[in-house]
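So this one's start-v8.tsv, TSV, N, CA and C atoms:
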```tsv
chain	number	residue	atom	x	y	z
X	1	MET	N	0.84	-1.19	0.00
X	1	MET	CA	0.00	0.00	0.00
X	1	MET	C	0.88	1.24	0.00
X	2	LYS	N	0.48	2.22	-0.74
X	2	LYS	CA	1.19	3.49	-0.84
X	2	LYS	C	0.48	4.50	0.07
X	3	ILE	N	1.25	5.26	0.85
X	3	ILE	CA	0.65	6.28	1.70
X	3	ILE	C	1.23	7.63	1.36
X	4	LYS	N	0.39	8.64	1.34
X	4	LYS	CA	0.81	10.02	1.10
X	4	LYS	C	1.74	10.15	-0.09
X	5	GLY	N	1.58	9.32	-1.08
X	5	GLY	CA	2.47	9.38	-2.23
X	5	GLY	C	3.86	8.87	-1.91
X	6	CYS	N	4.00	8.23	-0.75
X	6	CYS	CA	5.31	7.76	-0.29
X	6	CYS	C	5.29	6.24	-0.27
X	7	LYS	N	6.12	5.62	-1.07
X	7	LYS	CA	6.21	4.18	-1.06
X	7	LYS	C	7.06	3.73	0.11
X	8	LYS	N	6.82	2.52	0.53
X	8	LYS	CA	7.48	1.99	1.72
X	8	LYS	C	9.00	2.12	1.65
X	9	GLN	N	9.59	1.68	0.56
X	9	GLN	CA	11.06	1.70	0.48
X	9	GLN	C	11.61	3.13	0.50
X	10	SER	N	10.93	4.06	-0.14
X	10	SER	CA	11.44	5.44	-0.11
X	10	SER	C	11.31	6.05	1.29
X	11	PHE	N	10.28	5.65	2.06
X	11	PHE	CA	10.17	6.11	3.44
X	11	PHE	C	11.32	5.53	4.28
X	12	ILE	N	11.59	4.25	4.10
X	12	ILE	CA	12.69	3.60	4.83
X	12	ILE	C	14.02	4.27	4.48
X	13	ASP	N	14.24	4.53	3.21
X	13	ASP	CA	15.47	5.20	2.76
X	13	ASP	C	15.59	6.59	3.37
X	14	GLN	N	14.49	7.33	3.38
X	14	GLN	CA	14.50	8.68	3.95
X	14	GLN	C	14.81	8.63	5.45
X	15	ALA	N	14.22	7.68	6.15
X	15	ALA	CA	14.48	7.55	7.58
X	15	ALA	C	15.93	7.15	7.84
X	16	THR	N	16.47	6.28	7.03
X	16	THR	CA	17.85	5.83	7.18
X	16	THR	C	18.80	7.01	7.03
X	17	LYS	N	18.54	7.86	6.04
X	17	LYS	CA	19.37	9.05	5.84
X	17	LYS	C	19.27	10.01	7.03
X	18	ASN	N	18.14	9.94	7.76
X	18	ASN	CA	17.88	10.85	8.86
X	18	ASN	C	18.19	10.23	10.22
X	19	GLY	N	18.96	9.17	10.24
X	19	GLY	CA	19.35	8.57	11.52
X	19	GLY	C	18.71	7.23	11.81
X	20	GLY	N	17.79	6.79	10.97
X	20	GLY	CA	17.25	5.45	11.10
X	20	GLY	C	16.00	5.27	11.92
X	21	GLN	N	15.53	6.31	12.59
X	21	GLN	CA	14.32	6.15	13.39
X	21	GLN	C	13.17	6.93	12.79
X	22	ALA	N	12.00	6.37	12.90
X	22	ALA	CA	10.78	7.01	12.41
X	22	ALA	C	9.79	7.10	13.57
X	23	ILE	N	8.77	7.94	13.39
X	23	ILE	CA	7.77	8.15	14.43
X	23	ILE	C	6.38	8.02	13.83
X	24	PHE	N	5.53	7.26	14.51
X	24	PHE	CA	4.10	7.25	14.23
X	24	PHE	C	3.48	8.19	15.25
X	25	TYR	N	2.58	9.06	14.80
X	25	TYR	CA	2.00	10.03	15.73
X	25	TYR	C	0.51	10.19	15.52
X	26	VAL	N	-0.14	10.65	16.59
X	26	VAL	CA	-1.56	11.00	16.55
X	26	VAL	C	-1.69	12.39	17.14
X	27	LEU	N	-2.31	13.28	16.37
X	27	LEU	CA	-2.58	14.64	16.84
X	27	LEU	C	-4.08	14.84	17.00
X	28	LYS	N	-4.46	15.59	17.99
X	28	LYS	CA	-5.84	16.07	18.11
X	28	LYS	C	-5.81	17.51	17.61
X	29	CYS	N	-6.65	17.82	16.63
X	29	CYS	CA	-6.65	19.15	16.01
X	29	CYS	C	-8.03	19.77	16.17
X	30	TRP	N	-8.05	21.09	16.35
X	30	TRP	CA	-9.34	21.75	16.53
X	30	TRP	C	-9.26	23.25	16.26
X	31	ASP	N	-10.42	23.81	16.02
X	31	ASP	CA	-10.62	25.26	16.04
X	31	ASP	C	-12.03	25.47	16.60
X	32	LYS	N	-12.59	26.65	16.43
X	32	LYS	CA	-13.91	26.93	17.01
X	32	LYS	C	-15.03	26.11	16.38
X	33	GLU	N	-14.83	25.64	15.15
X	33	GLU	CA	-15.90	24.96	14.44
X	33	GLU	C	-15.73	23.46	14.24
X	34	GLU	N	-14.54	22.95	14.41
X	34	GLU	CA	-14.36	21.51	14.16
X	34	GLU	C	-13.25	20.92	15.02
X	35	GLN	N	-13.33	19.60	15.15
X	35	GLN	CA	-12.32	18.84	15.88
X	35	GLN	C	-12.13	17.51	15.14
X	36	PHE	N	-10.88	17.08	15.04
X	36	PHE	CA	-10.58	15.83	14.34
X	36	PHE	C	-9.23	15.33	14.80
X	37	TYR	N	-8.86	14.15	14.31
X	37	TYR	CA	-7.58	13.54	14.63
X	37	TYR	C	-6.77	13.39	13.35
X	38	LYS	N	-5.48	13.60	13.47
X	38	LYS	CA	-4.56	13.45	12.35
X	38	LYS	C	-3.54	12.39	12.75
X	39	ILE	N	-3.41	11.35	11.93
X	39	ILE	CA	-2.36	10.36	12.18
X	39	ILE	C	-1.32	10.50	11.09
X	40	GLY	N	-0.12	10.07	11.39
X	40	GLY	CA	0.91	10.15	10.38
X	40	GLY	C	2.21	9.53	10.83
X	41	ILE	N	3.15	9.55	9.92
X	41	ILE	CA	4.50	9.08	10.20
X	41	ILE	C	5.48	10.16	9.76
X	42	SER	N	6.60	10.18	10.42
X	42	SER	CA	7.59	11.19	10.08
X	42	SER	C	8.99	10.70	10.47
X	43	VAL	N	9.97	11.23	9.80
X	43	VAL	CA	11.35	10.99	10.20
X	43	VAL	C	11.88	12.21	10.95
X	44	ASN	N	11.05	13.23	11.07
X	44	ASN	CA	11.40	14.44	11.81
X	44	ASN	C	10.52	14.55	13.05
X	45	HIS	N	10.94	15.38	13.98
X	45	HIS	CA	10.11	15.63	15.15
X	45	HIS	C	8.83	16.32	14.71
X	46	ILE	N	7.75	16.07	15.39
X	46	ILE	CA	6.44	16.63	15.03
X	46	ILE	C	6.45	18.15	15.07
X	47	LEU	N	7.16	18.73	16.02
X	47	LEU	CA	7.24	20.20	16.07
X	47	LEU	C	7.93	20.76	14.84
X	48	THR	N	8.87	20.03	14.30
X	48	THR	CA	9.53	20.45	13.07
X	48	THR	C	8.54	20.41	11.91
X	49	ARG	N	7.74	19.37	11.89
X	49	ARG	CA	6.79	19.18	10.80
X	49	ARG	C	5.61	20.14	10.86
X	50	TYR	N	5.07	20.39	12.05
X	50	TYR	CA	3.86	21.20	12.18
X	50	TYR	C	4.05	22.45	13.04
X	51	GLY	N	5.24	22.99	13.06
X	51	GLY	CA	5.55	24.12	13.92
X	51	GLY	C	5.11	25.48	13.40
X	52	THR	N	4.49	25.55	12.21
X	52	THR	CA	4.03	26.83	11.69
X	52	THR	C	2.53	26.76	11.40
X	53	VAL	N	1.89	27.91	11.36
X	53	VAL	CA	0.45	27.97	11.08
X	53	VAL	C	0.16	27.47	9.67
X	54	LYS	N	1.07	27.72	8.75
X	54	LYS	CA	0.87	27.23	7.38
X	54	LYS	C	0.89	25.70	7.35
X	55	ALA	N	1.82	25.11	8.09
X	55	ALA	CA	1.94	23.65	8.12
X	55	ALA	C	0.75	23.01	8.85
X	56	MET	N	0.26	23.66	9.92
X	56	MET	CA	-0.89	23.16	10.67
X	56	MET	C	-1.74	24.35	11.10
X	57	PRO	N	-2.79	24.64	10.34
X	57	PRO	CA	-3.60	25.84	10.60
X	57	PRO	C	-4.62	25.68	11.73
X	58	TYR	N	-4.51	24.63	12.51
X	58	TYR	CA	-5.42	24.38	13.64
X	58	TYR	C	-4.63	24.36	14.94
X	59	SER	N	-5.32	24.58	16.04
X	59	SER	CA	-4.71	24.29	17.33
X	59	SER	C	-4.53	22.79	17.37
X	60	TRP	N	-3.48	22.33	18.02
X	60	TRP	CA	-3.25	20.88	18.04
X	60	TRP	C	-2.49	20.46	19.27
X	61	GLN	N	-2.65	19.18	19.57
X	61	GLN	CA	-1.99	18.57	20.72
X	61	GLN	C	-1.49	17.19	20.29
X	62	ILE	N	-0.30	16.85	20.71
X	62	ILE	CA	0.23	15.52	20.43
X	62	ILE	C	-0.38	14.55	21.45
X	63	LEU	N	-1.15	13.58	20.96
X	63	LEU	CA	-1.74	12.57	21.83
X	63	LEU	C	-0.84	11.35	21.96
X	64	TYR	N	-0.07	11.08	20.91
X	64	TYR	CA	0.69	9.82	20.88
X	64	TYR	C	1.88	9.96	19.95
X	65	GLU	N	3.03	9.53	20.43
X	65	GLU	CA	4.24	9.44	19.62
X	65	GLU	C	4.84	8.07	19.87
X	66	TYR	N	5.09	7.34	18.81
X	66	TYR	CA	5.66	6.01	18.93
X	66	TYR	C	6.84	5.88	17.98
X	67	PRO	N	8.07	5.91	18.51
X	67	PRO	CA	9.24	5.74	17.66
X	67	PRO	C	9.57	4.27	17.48
X	68	ASP	N	10.02	3.91	16.31
X	68	ASP	CA	10.43	2.53	16.03
X	68	ASP	C	11.20	2.53	14.71
X	69	ASP	N	11.55	1.34	14.25
X	69	ASP	CA	12.26	1.29	12.97
X	69	ASP	C	11.29	1.67	11.85
X	70	PRO	N	11.81	2.23	10.76
X	70	PRO	CA	10.95	2.77	9.70
X	70	PRO	C	9.95	1.79	9.11
X	71	GLU	N	10.35	0.55	8.91
X	71	GLU	CA	9.43	-0.42	8.32
X	71	GLU	C	8.24	-0.69	9.25
X	72	ALA	N	8.50	-0.85	10.54
X	72	ALA	CA	7.43	-1.08	11.51
X	72	ALA	C	6.49	0.13	11.59
X	73	ILE	N	7.05	1.32	11.54
X	73	ILE	CA	6.24	2.54	11.61
X	73	ILE	C	5.38	2.67	10.37
X	74	TYR	N	5.93	2.42	9.22
X	74	TYR	CA	5.16	2.48	7.97
X	74	TYR	C	3.98	1.51	8.04
X	75	ASP	N	4.27	0.27	8.45
X	75	ASP	CA	3.24	-0.76	8.53
X	75	ASP	C	2.16	-0.39	9.56
X	76	LEU	N	2.57	0.25	10.65
X	76	LEU	CA	1.61	0.67	11.67
X	76	LEU	C	0.65	1.71	11.12
X	77	GLU	N	1.17	2.67	10.36
X	77	GLU	CA	0.28	3.67	9.78
X	77	GLU	C	-0.69	3.03	8.78
X	78	VAL	N	-0.19	2.14	7.96
X	78	VAL	CA	-1.06	1.46	6.99
X	78	VAL	C	-2.18	0.73	7.73
X	79	LYS	N	-1.83	0.03	8.79
X	79	LYS	CA	-2.81	-0.72	9.59
X	79	LYS	C	-3.90	0.21	10.13
X	80	TYR	N	-3.50	1.31	10.77
X	80	TYR	CA	-4.50	2.20	11.36
X	80	TYR	C	-5.31	2.94	10.29
X	81	LYS	N	-4.68	3.30	9.20
X	81	LYS	CA	-5.44	3.96	8.12
X	81	LYS	C	-6.52	3.03	7.56
X	82	GLN	N	-6.20	1.76	7.44
X	82	GLN	CA	-7.19	0.80	6.96
X	82	GLN	C	-8.31	0.62	7.98
X	83	GLN	N	-7.95	0.52	9.25
X	83	GLN	CA	-8.95	0.33	10.30
X	83	GLN	C	-9.88	1.54	10.45
X	84	MET	N	-9.36	2.72	10.19
X	84	MET	CA	-10.12	3.94	10.44
X	84	MET	C	-10.72	4.56	9.19
X	85	GLU	N	-10.70	3.83	8.10
X	85	GLU	CA	-11.20	4.37	6.83
X	85	GLU	C	-12.62	4.92	6.95
X	86	HIS	N	-13.47	4.27	7.72
X	86	HIS	CA	-14.86	4.73	7.86
X	86	HIS	C	-14.98	5.98	8.74
X	87	TYR	N	-13.90	6.39	9.40
X	87	TYR	CA	-13.88	7.64	10.17
X	87	TYR	C	-13.23	8.79	9.38
X	88	SER	N	-12.94	8.55	8.12
X	88	SER	CA	-12.25	9.55	7.30
X	88	SER	C	-12.93	10.91	7.39
X	89	TYR	N	-12.11	11.96	7.50
X	89	TYR	CA	-12.62	13.33	7.69
X	89	TYR	C	-11.77	14.29	6.88
X	90	THR	N	-12.43	15.23	6.24
X	90	THR	CA	-11.71	16.26	5.50
X	90	THR	C	-11.92	17.61	6.20
X	91	PRO	N	-10.87	18.16	6.81
X	91	PRO	CA	-10.98	19.45	7.49
X	91	PRO	C	-11.33	20.59	6.53
X	92	SER	N	-11.91	21.63	7.07
X	92	SER	CA	-12.29	22.80	6.27
X	92	SER	C	-11.07	23.52	5.70
X	93	ILE	N	-10.00	23.57	6.47
X	93	ILE	CA	-8.77	24.25	6.06
X	93	ILE	C	-7.76	23.19	5.65
X	94	ALA	N	-7.31	23.24	4.41
X	94	ALA	CA	-6.37	22.24	3.89
X	94	ALA	C	-4.97	22.44	4.45
X	95	PHE	N	-4.28	21.34	4.65
X	95	PHE	CA	-2.87	21.33	5.02
X	95	PHE	C	-2.30	20.00	4.56
X	96	ASN	N	-0.98	19.82	4.62
X	96	ASN	CA	-0.34	18.60	4.15
X	96	ASN	C	-0.86	17.40	4.94
X	97	GLY	N	-1.49	16.46	4.24
X	97	GLY	CA	-2.05	15.28	4.88
X	97	GLY	C	-3.51	15.40	5.24
X	98	SER	N	-4.11	16.57	5.02
X	98	SER	CA	-5.49	16.78	5.48
X	98	SER	C	-6.51	15.97	4.69
X	99	LYS	N	-6.20	15.59	3.48
X	99	LYS	CA	-7.18	14.85	2.67
X	99	LYS	C	-7.16	13.35	2.93
X	100	THR	N	-6.05	12.81	3.42
X	100	THR	CA	-5.95	11.35	3.55
X	100	THR	C	-5.61	10.85	4.94
X	101	GLU	N	-5.31	11.72	5.88
X	101	GLU	CA	-4.84	11.25	7.18
X	101	GLU	C	-5.59	11.85	8.36
X	102	CYS	N	-6.79	12.35	8.13
X	102	CYS	CA	-7.59	12.93	9.20
X	102	CYS	C	-8.84	12.10	9.43
X	103	TYR	N	-9.25	12.05	10.69
X	103	TYR	CA	-10.35	11.18	11.09
X	103	TYR	C	-11.22	11.84	12.14
X	104	SER	N	-12.51	11.54	12.10
X	104	SER	CA	-13.46	12.10	13.07
X	104	SER	C	-13.36	11.39	14.42
X	105	ASN	N	-12.82	10.18	14.40
X	105	ASN	CA	-12.71	9.38	15.61
X	105	ASN	C	-11.52	8.45	15.47
X	106	LEU	N	-11.14	7.81	16.58
X	106	LEU	CA	-10.05	6.84	16.59
X	106	LEU	C	-10.62	5.46	16.91
X	107	THR	N	-9.95	4.42	16.45
X	107	THR	CA	-10.39	3.08	16.80
X	107	THR	C	-10.17	2.85	18.29
X	108	GLU	N	-10.90	1.91	18.84
X	108	GLU	CA	-10.75	1.57	20.25
X	108	GLU	C	-9.31	1.09	20.53
X	109	GLU	N	-8.76	0.33	19.61
X	109	GLU	CA	-7.38	-0.15	19.77
X	109	GLU	C	-6.39	1.00	19.88
X	110	LEU	N	-6.52	2.00	19.02
X	110	LEU	CA	-5.61	3.14	19.06
X	110	LEU	C	-5.86	3.99	20.31
X	111	GLN	N	-7.10	4.15	20.70
X	111	GLN	CA	-7.40	4.87	21.94
X	111	GLN	C	-6.75	4.17	23.13
X	112	ASP	N	-6.79	2.85	23.15
X	112	ASP	CA	-6.16	2.09	24.23
X	112	ASP	C	-4.65	2.28	24.23
X	113	GLU	N	-4.03	2.28	23.04
X	113	GLU	CA	-2.59	2.52	22.93
X	113	GLU	C	-2.22	3.89	23.53
X	114	ILE	N	-3.02	4.88	23.22
X	114	ILE	CA	-2.78	6.24	23.72
X	114	ILE	C	-2.91	6.27	25.23
X	115	LEU	N	-3.94	5.63	25.76
X	115	LEU	CA	-4.13	5.59	27.22
X	115	LEU	C	-2.95	4.91	27.92
X	116	VAL	N	-2.52	3.78	27.40
X	116	VAL	CA	-1.39	3.04	28.01
X	116	VAL	C	-0.11	3.87	27.96
X	117	SER	N	0.13	4.55	26.85
X	117	SER	CA	1.37	5.33	26.71
X	117	SER	C	1.39	6.57	27.60
X	118	ASN	N	0.22	7.04	28.01
X	118	ASN	CA	0.15	8.25	28.83
X	118	ASN	C	0.08	7.96	30.33
X	119	LYS	N	0.22	6.70	30.70
X	119	LYS	CA	0.20	6.35	32.14
X	119	LYS	C	1.53	6.59	32.79
```
How does the structure come out when it is put into structure tokens?
Amino acid sequence: MKIKGCKKQSFIDQATKNGGQAIFYVLKCWDKEEQFYKIGISVNHILTRYGTVKAMPYSWQILYEYPDDPEAIYDLEVKYKQQMEHYSYTPSIAFNGSKTECYSNLTEELQDEILVSNK
């Protein structure tokens, strides 16, 4: 499966060039009119990726960060994107990933992962 126009091997290669570690993350995003969740993977810190209003035009909070090897992280995102397809959400304000990685809700499994990681 291809995600965000990024094939698995090119994501692994990009992560390797960047030190070998990747991150799966879940953000809660909101403004006065809407609230949703954004999941994704990155080889950079989330603040680097979404540290500007242009990059993320919503208020946001990091709910979950899970670092692991790039292949495992890629597969994890594919798994959750497939599980949450029926929660797909398109925010009013576009940003990178807003069309394919935003959701109105999270699966129970992912909610449990977030709860365990925050204990």
Axis-aligned box over every listed atom of stretch 100-115 of chain X, padded by 8 Å per side: centre and edges in Å to one decimal, as lines of an AutoDock Vina configuration file?
```
center_x = -7.8
center_y = 6.4
center_z = 15.7
size_x = 27.2
size_y = 29.1
size_z = 40.5
```
| task | Using DSSP on the backbone coordinates, identify all residues within chain X classified as alpha helix (DSSP H); present the result as number ranges by chain. | result | X: 8-17, 46-50, 70-83, 108-117
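Distances here use only C-alpha atoms; by that measure, the residue among X:Gln21, X:Gln35, X:Tyr80, X:Phe11 closest to X:Glu113 is X:Tyr80.
Proximity ranking of X:His45, X:Ile39, X:Asn18, X:Gly51 relative to X:Glu77 places X:Ile39 first, based on all atoms listed in the file.
Considering only C-alpha atoms, the residue among X:Leu115, X:Met84, X:Gly20, X:Leu63 positioned nearest to X:Ser42 is X:Gly20.
Proximity ranking of X:Leu47, X:Glu71, X:Ile62, X:Met56 relative to X:Thr16 places X:Glu71 first, based on only C-alpha atoms.
DSSP, applied to the backbone of this structure, assigns strand (DSSP E) to the following residues of stretch 20-85 of chain X: Ala22, Ile23, Phe24, Tyr25, Val26, Leu27, Lys28, Cys29, Trp30, Gln35, Phe36, Tyr37, Lys38, Ile39, Gly40, Ile41, Ser42, Ser59, Trp60, Gln61, Ile62, Leu63, Tyr64, Glu65, Tyr66, Pro67 and Asp68 of chain X.
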Counting only N, CA and C atoms, give me one row per residue of stretch 5-84 of chain X with an atom at most 8 Å from an atom of stretch 92-96 of chain X, showing the shortest contact pair and its distance in Å to one decimal, sorted by chain then residue number, as CSV.
```
residue,atom,partner,partner_atom,distance
X:Glu34,CA,X:Ser92,N,7.5
X:Lys54,C,X:Phe95,CA,6.2
X:Ala55,C,X:Phe95,CA,5.5
X:Met56,CA,X:Phe95,CA,6.3
X:Pro57,N,X:Phe95,CA,6.3
X:Tyr58,N,X:Ile93,C,7.7
```
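Closest to X:Ile114 among X:Thr52, X:Phe24, X:Lys32, X:Glu85 is X:Phe24, based on only C-alpha atoms.
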| query | When you draw a straight line from atom CA of X:Ile46 to atom CA of X:Glu108, how long is it in Å? | reply | 23.4 Å
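Interatomic distance, atom CA of X:Glu101 against atom CA of X:Tyr89: 8.1 Å.
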| said: So that I can see what lies close to X:Cys102, please list as a list in words the residues with an atom at most 6 Å from it, counting only N, CA and C atoms and leaving out residues fewer than 5 positions away in the same chain. | reply: Tyr37, Lys38, Ile39, Tyr87, Ser88, Tyr89, Thr90 and Gly97 of chain X
Print the selection's residues with N, CA and C atoms to a file, as an mmCIF file, keeping the file's coordinate frame.
```cif
data_model
loop_
_atom_site.group_PDB
_atom_site.id
_atom_site.type_symbol
_atom_site.label_atom_id
_atom_site.label_comp_id
_atom_site.auth_asym_id
_atom_site.auth_seq_id
_atom_site.Cartn_x
_atom_site.Cartn_y
_atom_site.Cartn_z
ATOM 1 N N TYR X 37 -8.860 14.150 14.310
ATOM 2 C CA TYR X 37 -7.580 13.540 14.630
ATOM 3 C C TYR X 37 -6.770 13.390 13.350
ATOM 4 N N LYS X 38 -5.480 13.600 13.470
ATOM 5 C CA LYS X 38 -4.560 13.450 12.350
ATOM 6 C C LYS X 38 -3.540 12.390 12.750
ATOM 7 N N ILE X 39 -3.410 11.350 11.930
ATOM 8 C CA ILE X 39 -2.360 10.360 12.180
ATOM 9 C C ILE X 39 -1.320 10.500 11.090
ATOM 10 N N TYR X 87 -13.900 6.390 9.400
ATOM 11 C CA TYR X 87 -13.880 7.640 10.170
ATOM 12 C C TYR X 87 -13.230 8.790 9.380
ATOM 13 N N SER X 88 -12.940 8.550 8.120
ATOM 14 C CA SER X 88 -12.250 9.550 7.300
ATOM 15 C C SER X 88 -12.930 10.910 7.390
ATOM 16 N N TYR X 89 -12.110 11.960 7.500
ATOM 17 C CA TYR X 89 -12.620 13.330 7.690
ATOM 18 C C TYR X 89 -11.770 14.290 6.880
ATOM 19 N N THR X 90 -12.430 15.230 6.240
ATOM 20 C CA THR X 90 -11.710 16.260 5.500
ATOM 21 C C THR X 90 -11.920 17.610 6.200
ATOM 22 N N GLY X 97 -1.490 16.460 4.240
ATOM 23 C CA GLY X 97 -2.050 15.280 4.880
ATOM 24 C C GLY X 97 -3.510 15.400 5.240
#
```
